[in-house]
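In what follows, a structure is listed as structure tokens, so that the remarks can point back to it.
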Amino acid sequence: MRKTTGGGFGVSCLGALALVAGLAIAAPKPAAAGGSVEVLHWWTAGGEAKAVSALKDQFEAEGGTWIDSPVAGGGGDAAMTALRSRVIAGNPPSAVQLKGPSIQEWAAEGVVANLDDIAKAENWDKLLPALLKSVVTYEGHYVAVPVNIHRVDWLWANPAVLAKAGVAVPTTWDEFNTAAEALKAKGIIPLAHGGQPWQDATLFEVVVLGLGGPAFYHKALVELDDAALRGETMVKVFDQMRRLRGFVDPNFSGRDWNLATAMVINGEAAFQIMGDWAKGEFLGAGKVPGKDFLCIAAPGKGFLLNSDSLVMFDVKGADKIEGQKTLARLVLGEKFQRTFNTLKGSIPARQGMDLADFDACAQKSQADLTKAIAADSLEPSMAHEMAVPRSVRGAIMDVVTAHFNSSESSAEAVAHLADAIARAR
Ligand code: BGC
């Protein structure tokens, strides 16, 4: 780990050597105000791109130079492959969108910078909720700055389409199935979905939470408890996944998530199950929450947490190190948190902000988060890399996608799931 502030580095040998080399190269040229930063991210859909460009604008307003490195692909799998090859080539980007245990995995490899000095100067200990602090620290040191709080277990709906089919907002999975059948009978696509492994996994974890409840979700998808994975509840989860497969249109395979959202926006489909980055698409299309679209908590109890962070990698050169400092400071600032999260569909990672200007969906998210923390029903998203290592997530996604695209029975899928997880651990 390398300290972004320079001087007195209690760091790994690798990081220290890299820094010494970096300072030697940068010595003749003092860093420009703001510095420069290359940011690797997968925020390429409409709302996402607007949000990231707000960060770029703020960074440039500080005198910094922004180098944008977007890698398209929802859920970030393509971006993570790109990151791995950049690090192996010894040329990491300065800042990378990362989450959950992956942050710890990269920190353990000794290739990330230490942000303790910025954290101290900006009082991050006070600004960050406990639930995010543990995600962005490694062995007691800050290695990332959290950007947002996304909720995954949302059901997005087009109210005009529901009204056309005489369907009410469902509050249980049985009601959802009944509503979906009614929509199908009217020739409306009940569920807009994109058949990509991370999207299949998003449906799956929302159903696990909804049918099993937070305690079951925790046992199965966080603790990876073999008995929970092989039990009756998991059979029911796969039964529901089979029902959902019957509610998507024939062209779902490979579709990007934002195109699925567009189907709800334009009335082609009634529902989408997706995290609240989908809200950025509704808002970008000029739609008004509560009127043109509904944000409904997916059936069940709890709150599935996903939070993006920016991890600063160990780069060489005073200009780049200055850029990392500027970026880390801006990201947790109130101005950035307000602008970015309004566009992105998320709520601030920074505690104590007044959300009066945020829309009703964001206010519901904040209220439900507070309730979930009190009721101990806040759970980390498996599909969005908050819960388990990437290898385990990959094994789960393979099984879920294989089941979704075949006629495999629920009992077979359950056995495959538990076996695949046991092998991946
Ligand atoms: C990220 C979001 C992003 C979404 C779709 C999630 O895993 O956390 O920031 O908008 O994927 O790409």
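Labeling convention for the structure tokens: chains A, B, ... as they appear, residues from 1 per chain, ligands from 1 in order of appearance.
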
- Message: Hey, which residues sit close to ligand 1? Say within 8 Å, counting only C-alpha atoms and all ligand atoms, and write them as a list in words.
- Response: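 Based on only C-alpha atoms and all ligand atoms, ligand 1 is surrounded within 8 Å by Trp42, Trp43, Thr44, Ala45, Glu48, Gly73, Gly74, Gly75, Gly76, Lys99, His150, Trp257, Gly275, Trp277, Ala278, Asn306, Ser307, Asp308, Lys344, Ala383, His384 and Glu385 of chain A.
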
- Item | region 238-251 of chain A surroundings by only C-alpha atoms, 10 Å radius, close-in-sequence under 4 positions cut, as JSON, numbers by chain | {"A": [173, 174, 176, 177, 180, 181, 183, 184, 188, 189, 190, 191, 192, 193, 194, 195, 200, 203, 204, 207, 208, 211, 233, 234, 255, 269, 271, 272, 400, 403, 404, 405, 406, 407, 408, 409, 410, 411, 412, 413, 414]}

- Item | Spatial neighbours of region 212-215 of chain A, max dist 12 Å, only C-alpha atoms, sep filter under 3 positions, as JSON, numbers by chain | {"A": [153, 173, 204, 205, 206, 207, 208, 209, 218, 219, 220, 221, 222, 223, 225, 228, 229, 231, 232, 233, 234, 235, 236, 237, 238, 240, 298, 299, 300, 301, 302, 303, 304, 305, 372, 373, 375, 376, 377, 378, 379, 380, 381]}

- Could you name the residues that touch Val135 (chain A) at 12 Å or less, counting only C-alpha atoms, but leaving out those on the same chain fewer than 6 positions away, as a ChimeraX atom specification? /A:98-105,107,128-129,141-147,305-311,349,380,385-387

- Message: Given only C-alpha atoms as the basis, pick out the residue of A:Val37, A:Leu83, A:Ala89, A:Ile296 nearest to Ile67 (chain A).
- Response: A:Val37

- Item | Given only C-alpha atoms as the counted atoms, nearest of A:Leu332, A:Leu283, A:Leu40, A:Ala201 to Ala402 (chain A) |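 The answer is A:Ala201, which sits nearest to Ala402 (chain A).
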
- Task: Check the DSSP output for the backbone and give back, as a PyMOL selection string, the residues of region 363-404 of chain A in helix (DSSP H, G or I).
- Result: chain A and resi 363-375+390-404

- Task: Pick out each residue of region 133-331 of chain A that DSSP on the backbone tags as strand (DSSP E); I need them as JSON, numbers by chain.
- Result: {"A": [137, 138, 141, 142, 144, 145, 146, 148, 149, 150, 151, 154, 155, 156, 157, 189, 190, 191, 269, 270, 271, 272, 273, 294, 295, 296, 297, 303, 304, 305, 306, 309, 310, 311, 312]}

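Minimum atom-to-atom distances from A:Ala362, A:Thr339, A:Gly333, A:Asp226 to Leu127 (chain A) were compared using only C-alpha atoms, and the lowest value belongs to A:Gly333.
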
Could you pull the residues within 8 Å of Glu334 (chain A), counting only C-alpha atoms, minus those fewer than 4 positions along the same chain, as a PDB file with C-alpha atoms, in the first residue's frame?
```
ATOM      1  CA  ARG A 338     -25.571  15.237  -4.221  1.00  0.00           C
ATOM      2  CA  ARG A 350     -21.834  10.297   3.023  1.00  0.00           C
ATOM      3  CA  MET A 353     -26.995  14.712   4.225  1.00  0.00           C
TER       4      MET A 353
END
```

- Message: Residues near Gln363 (chain A), anyone? I mean within 12 Å using only C-alpha atoms, not counting same-chain ones fewer than 6 positions away, as a PyMOL selection string.
- Response: chain A and resi 151+289+295+342+345-348+353-357+369-370

- Query: Neighbours of Asn91 (chain A) within 10 Å (only C-alpha atoms; same-chain residues fewer than 2 positions away dropped), as a list in words?
  - Reply: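 The residues satisfying every condition are Leu83, Ser85, Arg86, Val87, Ile88, Ala89, Pro93, Ser94, Phe313, Asp314, Val315 and Lys316 of chain A.
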
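You can rank A:Met312, A:Ala262, A:Ala54, A:Leu343 by their closest distance to Gln97 (chain A) using only C-alpha atoms, and at the top of that list sits A:Met312.
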